[in-house]
$ cat run_39.cif   # mmCIF, C-alpha atoms
data_target
#
loop_
_atom_site.label_atom_id
_atom_site.label_comp_id
_atom_site.auth_asym_id
_atom_site.auth_seq_id
_atom_site.Cartn_x
_atom_site.Cartn_y
_atom_site.Cartn_z
CA MET Y 20 -9.48 36.48 3.75
CA GLN Y 21 -8.32 34.09 6.46
CA PRO Y 22 -7.07 30.80 5.04
CA ASN Y 23 -9.16 27.80 6.04
CA HIS Y 24 -6.43 25.90 7.85
CA LYS Y 25 -8.48 22.81 8.50
CA LEU Y 26 -9.42 22.57 4.83
CA ASN Y 27 -5.81 22.99 3.78
CA TYR Y 28 -4.71 20.43 6.34
CA LEU Y 29 -7.19 17.89 4.96
CA LEU Y 30 -5.96 18.65 1.45
CA GLN Y 31 -2.38 17.94 2.56
CA LEU Y 32 -3.51 14.52 3.76
CA GLY Y 33 -5.79 13.78 0.83
CA ASP Y 34 -3.43 15.01 -1.87
CA ASN Y 35 -0.50 12.93 -0.57
CA ALA Y 36 -2.66 9.84 -0.92
CA LEU Y 37 -4.19 10.89 -4.23
CA ILE Y 38 -0.93 11.74 -6.01
CA LEU Y 39 1.05 8.79 -4.67
CA GLY Y 40 -1.88 6.51 -5.58
CA GLN Y 41 -1.85 7.95 -9.08
CA ARG Y 42 1.90 7.38 -9.32
CA LEU Y 43 1.67 3.77 -8.15
CA SER Y 44 -1.17 3.07 -10.56
CA GLU Y 45 1.27 3.80 -13.40
CA TRP Y 46 2.83 0.42 -12.55
CA CYS Y 47 -0.38 -1.39 -13.46
CA GLY Y 48 0.57 -3.96 -16.09
CA HIS Y 49 4.27 -3.06 -15.83
CA GLY Y 50 5.31 -4.59 -12.48
CA PRO Y 51 8.56 -6.55 -12.37
CA VAL Y 52 6.64 -9.78 -11.77
CA LEU Y 53 2.93 -10.55 -11.67
CA GLU Y 54 2.83 -10.76 -7.86
CA GLN Y 55 4.41 -7.32 -7.38
CA ASP Y 56 2.29 -5.82 -10.11
CA ILE Y 57 -0.78 -6.82 -8.12
CA ALA Y 58 0.78 -5.76 -4.82
CA ILE Y 59 1.70 -2.28 -5.96
CA THR Y 60 -1.64 -1.63 -7.61
CA ASN Y 61 -3.41 -2.88 -4.46
CA MET Y 62 -1.55 -0.16 -2.64
CA ALA Y 63 -2.54 2.37 -5.29
CA LEU Y 64 -6.17 1.48 -4.63
CA ASP Y 65 -5.70 1.67 -0.85
CA LEU Y 66 -4.30 5.18 -1.27
CA LEU Y 67 -7.09 6.20 -3.60
CA GLY Y 68 -9.62 5.02 -1.00
CA GLN Y 69 -7.86 7.05 1.68
CA ALA Y 70 -7.79 10.08 -0.61
CA ARG Y 71 -11.55 9.76 -1.09
CA ASN Y 72 -12.17 9.84 2.65
CA TRP Y 73 -9.97 12.87 3.20
CA LEU Y 74 -11.22 14.80 0.18
CA ASP Y 75 -14.84 14.05 0.95
CA PHE Y 76 -14.31 15.47 4.43
CA ALA Y 77 -12.44 18.41 2.89
CA ALA Y 78 -15.45 19.11 0.66
CA GLN Y 79 -17.76 19.09 3.69
CA THR Y 80 -15.37 21.30 5.63
CA GLU Y 81 -15.19 23.78 2.78
CA GLY Y 82 -19.00 23.97 2.59
CA LYS Y 83 -19.15 25.23 -0.98
CA ASN Y 84 -21.18 22.44 -2.49
CA ARG Y 85 -18.16 20.80 -4.06
CA THR Y 86 -17.75 17.02 -4.04
CA GLU Y 87 -14.67 14.85 -3.48
CA ASP Y 88 -14.51 14.44 -7.28
CA ASP Y 89 -14.57 18.20 -7.90
CA ILE Y 90 -11.70 18.55 -5.47
CA ALA Y 91 -9.70 15.65 -6.90
CA PHE Y 92 -10.18 16.45 -10.57
CA LEU Y 93 -10.92 20.13 -11.00
CA ARG Y 94 -8.28 22.04 -9.09
CA ASN Y 95 -5.28 23.77 -10.57
CA GLU Y 96 -1.77 22.70 -9.82
CA TRP Y 97 -1.07 25.35 -7.18
CA GLU Y 98 -4.14 24.27 -5.21
CA TYR Y 99 -2.75 20.78 -4.52
CA ARG Y 100 -0.98 20.42 -1.19
CA ASN Y 101 0.90 17.13 -1.44
CA VAL Y 102 4.58 16.93 -0.61
CA LEU Y 103 7.09 16.87 -3.48
CA LEU Y 104 8.23 13.34 -2.61
CA VAL Y 105 4.98 11.71 -3.80
CA GLU Y 106 5.05 13.41 -7.19
CA TYR Y 107 8.58 12.18 -7.94
CA PRO Y 108 8.50 9.84 -10.97
CA ASN Y 109 8.51 6.05 -10.51
CA LYS Y 110 11.67 5.68 -12.63
CA ASP Y 111 12.47 2.06 -11.70
CA TRP Y 112 11.49 -0.39 -8.98
CA ALA Y 113 14.30 0.86 -6.70
CA PHE Y 114 13.11 4.48 -6.88
CA THR Y 115 9.50 3.40 -6.38
CA ILE Y 116 10.37 1.31 -3.33
CA VAL Y 117 12.63 3.90 -1.69
CA ARG Y 118 10.06 6.66 -2.28
CA GLN Y 119 7.39 4.37 -0.86
CA PHE Y 120 9.40 3.51 2.24
CA LEU Y 121 10.36 7.15 2.95
CA PHE Y 122 6.69 8.04 2.69
CA ASP Y 123 5.16 4.99 4.42
CA ALA Y 124 7.31 5.39 7.53
CA PHE Y 125 6.18 9.01 7.80
CA ASN Y 126 2.58 8.19 6.98
CA TYR Y 127 2.47 5.42 9.55
CA TYR Y 128 3.54 7.58 12.50
CA LEU Y 129 1.46 10.47 11.21
CA HIS Y 130 -1.72 8.40 11.15
CA LYS Y 131 -0.97 6.81 14.48
CA GLU Y 132 -0.79 10.29 15.94
CA LEU Y 133 -3.92 11.41 14.09
CA THR Y 134 -5.99 8.65 15.70
CA GLU Y 135 -5.68 10.84 18.83
CA SER Y 136 -6.95 13.95 17.03
CA LYS Y 137 -9.53 16.10 18.79
CA ASP Y 138 -11.50 16.04 15.56
CA GLU Y 139 -13.48 12.79 15.66
CA GLN Y 140 -13.80 12.47 11.91
CA ILE Y 141 -10.05 12.87 11.41
CA ALA Y 142 -9.38 10.33 14.15
CA ALA Y 143 -11.81 7.88 12.53
CA ILE Y 144 -10.38 8.20 9.02
CA ALA Y 145 -6.87 7.86 10.43
CA ALA Y 146 -7.79 4.70 12.34
CA LYS Y 147 -9.33 3.16 9.24
CA SER Y 148 -6.35 4.05 7.04
CA LEU Y 149 -3.77 2.93 9.59
CA LYS Y 150 -4.36 -0.77 8.95
CA GLU Y 151 -3.59 -0.35 5.27
CA ILE Y 152 -0.62 1.90 5.94
CA THR Y 153 0.80 -0.62 8.42
CA TYR Y 154 0.87 -3.17 5.64
CA HIS Y 155 2.36 -0.68 3.16
CA LEU Y 156 5.20 0.01 5.58
CA ARG Y 157 5.81 -3.68 6.11
CA PHE Y 158 5.86 -4.26 2.36
CA SER Y 159 8.19 -1.37 1.48
CA SER Y 160 10.52 -2.10 4.46
CA GLU Y 161 10.88 -5.72 3.31
CA TRP Y 162 11.74 -4.65 -0.20
CA VAL Y 163 14.25 -2.04 0.95
CA ILE Y 164 16.04 -4.76 2.94
CA ARG Y 165 15.77 -7.36 0.18
CA LEU Y 166 17.16 -5.15 -2.56
CA GLY Y 167 19.60 -3.17 -0.42
CA ASP Y 168 21.08 -6.38 0.99
CA GLY Y 169 20.62 -8.23 -2.30
CA THR Y 170 22.98 -8.38 -5.26
CA ASP Y 171 25.63 -5.79 -6.13
CA ILE Y 172 23.37 -4.38 -8.82
CA SER Y 173 20.26 -4.17 -6.64
CA HIS Y 174 22.28 -2.57 -3.85
CA GLU Y 175 23.70 0.04 -6.20
CA LYS Y 176 20.29 0.87 -7.63
CA MET Y 177 18.81 1.27 -4.17
CA GLN Y 178 21.67 3.47 -2.97
CA THR Y 179 21.30 5.67 -6.07
CA ALA Y 180 17.57 6.04 -5.44
CA LEU Y 181 18.13 6.82 -1.77
CA ASN Y 182 20.80 9.45 -2.54
CA GLU Y 183 18.47 11.12 -5.03
CA LEU Y 184 15.28 11.01 -2.94
CA TRP Y 185 16.93 12.04 0.32
CA ARG Y 186 16.46 15.72 -0.52
CA TYR Y 187 12.67 15.27 -0.45
CA LYS Y 188 12.50 13.77 3.01
CA GLY Y 189 12.82 16.97 5.03
CA GLU Y 190 9.66 18.50 3.62
CA LEU Y 191 7.59 15.85 5.37
CA PHE Y 192 8.46 17.50 8.68
CA LYS Y 193 8.53 21.12 7.58
CA LEU Y 194 5.57 22.84 9.21
CA SER Y 195 3.18 24.59 6.86
CA PRO Y 196 0.90 27.34 8.23
CA SER Y 197 -1.91 24.75 8.30
CA ASP Y 198 0.27 22.27 10.19
CA LYS Y 199 1.03 24.92 12.80
CA ALA Y 200 -2.60 25.97 13.18
CA MET Y 201 -3.90 22.40 13.42
CA ILE Y 202 -1.21 21.31 15.86
CA SER Y 203 -2.03 24.21 18.16
CA GLU Y 204 -5.69 23.16 18.14
CA GLU Y 205 -4.67 19.53 18.81
CA ILE Y 206 -6.41 18.49 15.62
CA GLY Y 207 -3.25 17.91 13.64
CA ALA Y 208 -0.33 15.60 14.39
CA ASP Y 209 2.72 17.06 16.08
CA LEU Y 210 5.39 16.45 13.45
CA ASN Y 211 8.28 17.14 15.82
CA LYS Y 212 7.04 14.35 18.01
CA ILE Y 213 7.05 11.76 15.23
CA LYS Y 214 10.33 12.86 13.68
CA SER Y 215 12.52 10.95 16.12
CA LEU Y 216 10.44 7.78 15.59
CA TYR Y 217 10.79 8.25 11.85
CA ASP Y 218 14.55 8.77 11.97
CA GLN Y 219 14.91 5.70 14.16
CA LYS Y 220 12.85 3.56 11.77
CA LEU Y 221 14.96 4.68 8.81
CA LYS Y 222 18.16 3.96 10.70
CA VAL Y 223 17.09 0.41 11.56
CA ILE Y 224 15.81 -0.51 8.11
CA PHE Y 225 18.64 1.09 6.13
CA GLU Y 226 21.19 -0.53 8.41
CA GLU Y 227 19.66 -3.93 7.84
CA ALA Y 228 19.55 -3.15 4.13
CA THR Y 229 23.27 -2.25 4.26
CA LEU Y 230 22.43 1.12 2.68
CA THR Y 231 24.31 4.28 3.62
CA ILE Y 232 22.16 7.12 4.89
CA PRO Y 233 23.22 10.19 2.90
CA ASP Y 234 24.86 13.13 4.66
CA GLY Y 235 23.05 16.38 5.13
CA ASN Y 236 19.47 17.34 5.72
CA TRP Y 237 18.90 20.04 3.15
CA SER Y 238 15.49 19.54 1.66
CA GLN Y 239 13.40 20.60 -1.26
CA SER Y 240 10.03 21.92 -0.18
CA GLY Y 241 6.99 23.81 -1.39
CA GLY Y 242 4.41 21.14 -2.14
CA LYS Y 243 2.45 21.72 1.05
CA ILE Y 244 1.87 25.35 0.08
CA GLY Y 245 1.13 24.62 -3.57
CA LYS Y 246 4.57 25.10 -5.14
CA HIS Y 247 5.21 21.93 -7.05
CA SER Y 248 7.96 20.34 -9.10
CA GLU Y 249 7.92 20.14 -12.89
CA HIS Y 250 6.44 16.64 -12.60
CA MET Y 251 3.14 17.75 -11.10
CA GLY Y 252 1.59 19.19 -14.25
CA HIS Y 253 2.21 15.95 -16.10
CA ILE Y 254 0.54 13.91 -13.37
CA LEU Y 255 -2.48 16.18 -13.37
CA SER Y 256 -2.82 16.15 -17.14
CA GLU Y 257 -3.30 12.40 -16.93
CA LEU Y 258 -5.29 12.38 -13.69
CA GLN Y 259 -7.68 15.09 -14.85
CA PHE Y 260 -7.92 14.23 -18.53
CA MET Y 261 -11.41 12.74 -18.56
CA GLN Y 262 -13.01 15.51 -16.51
CA ARG Y 263 -11.30 18.22 -18.54
CA ALA Y 264 -12.10 16.64 -21.91
CA PHE Y 265 -15.66 15.64 -21.01
CA PRO Y 266 -16.77 17.99 -18.21
CA ALA Y 267 -19.13 16.46 -15.65
CA MET Y 268 -18.89 13.03 -17.26
CA GLU Y 269 -19.90 10.09 -15.08
CA TRP Y 270 -19.79 6.33 -15.38
CA MET S 16 13.28 -13.90 -10.66
CA LYS S 17 13.34 -16.85 -13.02
CA ASN S 18 14.98 -18.82 -10.21
CA TRP S 19 12.42 -17.92 -7.56
CA PRO S 20 10.91 -21.19 -6.32
CA LEU S 21 7.27 -22.06 -6.70
CA TRP S 22 5.00 -22.07 -3.64
CA GLU S 23 1.61 -23.67 -3.06
CA ILE S 24 -0.84 -21.41 -1.27
CA PHE S 25 -3.49 -22.55 1.20
CA VAL S 26 -6.06 -20.12 2.55
CA ARG S 27 -8.51 -20.50 5.43
CA SER S 28 -11.58 -18.59 4.37
CA LYS S 29 -12.99 -18.24 7.88
CA ALA S 30 -12.36 -19.44 11.39
CA GLY S 31 -13.43 -23.07 11.86
CA LEU S 32 -12.91 -24.10 8.24
CA SER S 33 -9.79 -25.84 7.03
CA HIS S 34 -7.18 -24.30 4.75
CA LYS S 35 -7.91 -24.92 1.08
CA HIS S 36 -5.53 -24.96 -1.83
CA PHE S 37 -5.93 -21.65 -3.70
CA GLY S 38 -3.16 -21.82 -6.28
CA SER S 39 0.57 -21.34 -6.65
CA LEU S 40 2.95 -18.44 -7.13
CA HIS S 41 6.64 -17.53 -7.24
CA ALA S 42 8.50 -15.92 -4.33
CA ALA S 43 12.10 -15.69 -3.13
CA ASP S 44 11.35 -17.00 0.37
CA GLU S 45 8.51 -17.83 2.75
CA ALA S 46 8.02 -14.24 3.95
CA MET S 47 7.61 -13.00 0.40
CA ALA S 48 5.37 -15.97 -0.40
CA ILE S 49 2.98 -14.94 2.41
CA GLU S 50 2.91 -11.33 1.22
CA ASN S 51 2.45 -12.33 -2.40
CA ALA S 52 -0.34 -14.71 -1.42
CA ARG S 53 -2.02 -11.93 0.53
CA ASP S 54 -1.89 -9.66 -2.50
CA VAL S 55 -2.75 -12.22 -5.14
CA TYR S 56 -5.37 -14.35 -3.38
CA CYS S 57 -6.80 -12.31 -0.50
CA ARG S 58 -7.72 -9.01 -2.14
CA ARG S 59 -11.43 -9.69 -2.05
CA ASN S 60 -11.87 -10.70 1.54
CA GLU S 61 -11.18 -14.36 0.83
CA GLY S 62 -9.23 -15.30 3.90
CA VAL S 63 -8.26 -15.05 7.55
CA SER S 64 -5.15 -17.23 7.47
CA ILE S 65 -2.52 -18.25 4.91
CA TRP S 66 -0.22 -21.27 4.70
CA VAL S 67 2.57 -21.46 2.17
CA VAL S 68 4.46 -24.62 1.25
CA LYS S 69 7.27 -24.94 -1.25
CA SER S 70 5.87 -26.90 -4.16
CA GLU S 71 8.90 -29.21 -4.13
CA HIS S 72 7.89 -30.41 -0.65
CA ILE S 73 4.62 -31.78 -1.92
CA THR S 74 4.68 -35.41 -2.96
CA ALA S 75 1.88 -36.31 -5.32
CA SER S 76 0.43 -39.64 -6.31
CA ASP S 77 1.31 -40.77 -9.80
CA PRO S 78 -1.61 -40.47 -12.24
CA ALA S 79 -0.43 -43.75 -13.77
CA ASP S 80 -1.21 -45.44 -10.45
CA ALA S 81 -4.80 -44.24 -10.48
CA ASP S 82 -6.25 -47.69 -11.20
CA PRO S 83 -4.66 -49.64 -8.37
CA LEU S 84 -5.02 -46.70 -5.98
CA PHE S 85 -8.59 -45.63 -6.58
CA GLU S 86 -10.44 -48.12 -8.77
CA PRO S 87 -10.91 -50.77 -6.02
CA ALA S 88 -12.95 -48.32 -3.93
CA LYS S 89 -15.54 -47.81 -6.60
CA ASP S 90 -17.55 -51.00 -6.03
CA LYS S 91 -17.40 -50.97 -2.23
CA VAL S 92 -20.61 -49.08 -1.66
CA TYR S 93 -21.04 -50.84 1.68
CA ARG S 94 -18.25 -48.63 3.04
CA HIS S 95 -20.63 -45.68 2.95
CA PRO S 96 -22.74 -45.53 6.10
CA THR S 97 -25.93 -45.41 4.10
CA PHE S 98 -27.32 -48.81 5.10
CA TYR S 99 -28.41 -47.77 8.56
CA VAL S 100 -31.70 -46.27 9.56
CA LEU S 101 -31.01 -43.26 11.72
CA PRO S 102 -33.34 -42.67 14.68
CA ASP S 103 -35.22 -39.39 14.33
CA GLU S 104 -33.66 -38.10 17.57
CA VAL S 105 -30.23 -38.03 15.91
CA GLY S 106 -31.35 -35.43 13.43
CA HIS S 107 -29.02 -34.42 10.64
CA MET S 108 -25.64 -36.06 10.51
#
$ encode --input "run_39.cif" --output "structure tokens"
Amino acid sequence: MQPNHKLNYLLQLGDNALILGQRLSEWCGHGPVLEQDIAITNMALDLLGQARNWLDFAAQTEGKNRTEDDIAFLRNEWEYRNVLLVEYPNKDWAFTIVRQFLFDAFNYYLHKELTESKDEQIAAIAAKSLKEITYHLRFSSEWVIRLGDGTDISHEKMQTALNELWRYKGELFKLSPSDKAMISEEIGADLNKIKSLYDQKLKVIFEEATLTIPDGNWSQSGGKIGKHSEHMGHILSELQFMQRAFPAMEW
Amino acid sequence: MKNWPLWEIFVRSKAGLSHKHFGSLHAADEAMAIENARDVYCRRNEGVSIWVVKSEHITASDPADADPLFEPAKDKVYRHPTFYVLPDEVGHM
């Protein structure tokens, strides 16, 4: 059977938002201060809203009578197509912020490109999401600079997080079969095109944050084709608990 | 974070209205105060513009001075423009 590249492409987009949203929601009630607790959970909700749009369109594209909820809550681990970066644990505020910035910068240029998609629905969802993502990038950039160029302790924590998360950055630009198929149909975003913008953004922000960009570009990968890290099962067990324990429950 | 200063937040709810005091919050500087205000006070479509002012820059009247400051105005009803008959053509003022 031919893989449904458009479906898989939409799942890549939707699952990135869904899993990162789930991760950020873990901060709810645990933020470093009240204001950031609210800020980070606002972003979790933004991402969840974006995931709904993508997964609803994925359900329509699939045409098998499944809903966005079926897709979000009733798939197995290997059917999720998010990148490994977004499933990485929150750990502390430094890890959360660095992960967020590495992702937001990518997501921003990705969505900007997607607003030009030949698929009108994709272009429309991208345009709607872009406003939120623009703010996310502004927020995470500010915090990278603040903490990187902050105290000795905050700088050290940020550098540690950056060194650790650097190996997940490359996967963002690694073309999956669905990426290739969608780019050739001018539906998907050309990742090579946005890579130089991304690298430039990182350079500017990390320089201002006085953080050292790690050497080397070796990257973990696999998420986009369903091969996940050991963290993914734990996320899903929490994300899917209600639907698995009480099938078809609603509220 | 204990030494983050306090900021007073003013939000304009829509174009044409004035900024209103919404509350106060902590932030390290004005940029963070704006972002915090956006996240704390403008999540439900409350505003189109935000002002932030360090609380220490606000000078308040002393509650102990309330009598000399405000009491004398209470029996000066003639200062309200309610003793004029408005011509119908003026309509609502």
$ closest_atom_pairs --input "run_39.cif" --of "chain Y" --to "chain S" --cutoff "9 Å" --atoms "all atoms listed in the file" --output "tab-separated table"
residue	atom	partner	partner_atom	distance
Y:Pro51	CA	S:Met16	CA	8.9
Y:Val52	CA	S:Met16	CA	7.9
Y:Leu53	CA	S:Val55	CA	8.8
Y:Glu54	CA	S:Asn51	CA	5.7
Y:Gln55	CA	S:Asn51	CA	7.3
Y:Ile57	CA	S:Asp54	CA	6.4
Y:Ala58	CA	S:Asp54	CA	5.3
Y:Ile59	CA	S:Asp54	CA	8.9
Y:Asn61	CA	S:Asp54	CA	7.2
Y:Phe158	CA	S:Glu50	CA	7.7
Y:Glu161	CA	S:Met47	CA	8.5
$ residues_around --input "run_39.cif" --residues "Y:Tyr28" --least-positions-apart "3" --cutoff "7 Å" --atoms "only C-alpha atoms" --output "list in words"
His24, Lys25, Gln31, Leu32, Ser197 and Asp198 of chain Y
$ closest_residue --input "run_39.cif" --among "Y:Leu255, Y:Leu216, Y:Val105, Y:Val117" --to "Y:His174" --atoms "only C-alpha atoms"
Y:Val117
$ residues_around --input "run_39.cif" --residues "S:His36" --least-positions-apart "4" --cutoff "10 Å" --atoms "all atoms listed in the file" --output "list in words"
Glu23, Ile24, Phe25, Val26, Arg27, Ile65, Trp66 and Val67 of chain S
$ atom_distance --input "run_39.cif" --atom1 "atom CA of Y:Asn35" --atom2 "atom CA of Y:Met261"
21.0 Å
$ closest_residue --input "run_39.cif" --among "Y:Lys188, Y:Gly169, Y:Gly245, Y:Val223" --to "Y:Asp34" --atoms "all atoms listed in the file"
Y:Gly245
$ atom_distance --input "run_39.cif" --atom1 "atom CA of Y:Ala63" --atom2 "atom CA of Y:Leu39"
7.4 Å
$ resolve_selection --input "run_39.cif" --expression "the PyMOL selection byres ((chain S and resi 22) around 6)" --output "PyMOL selection string"
chain S and resi 21+23+39-40+68-70
$ resolve_selection --input "run_39.cif" --expression "the PyMOL selection byres ((chain Y and resi 100-103) around 7)" --output "PyMOL selection string"
chain Y and resi 30-31+34-35+98-99+104-107+187+190-191+240+242-245+247-248
$ resolve_selection --input "run_39.cif" --expression "the PyMOL selection byres ((chain S and resi 63) around 7)" --output "PyMOL selection string"
chain S and resi 27-29+62+64
$ closest_residue --input "run_39.cif" --among "Y:Gln119, Y:Ser148, Y:Thr60, Y:Gln21" --to "Y:Trp73" --atoms "only C-alpha atoms"
Y:Ser148
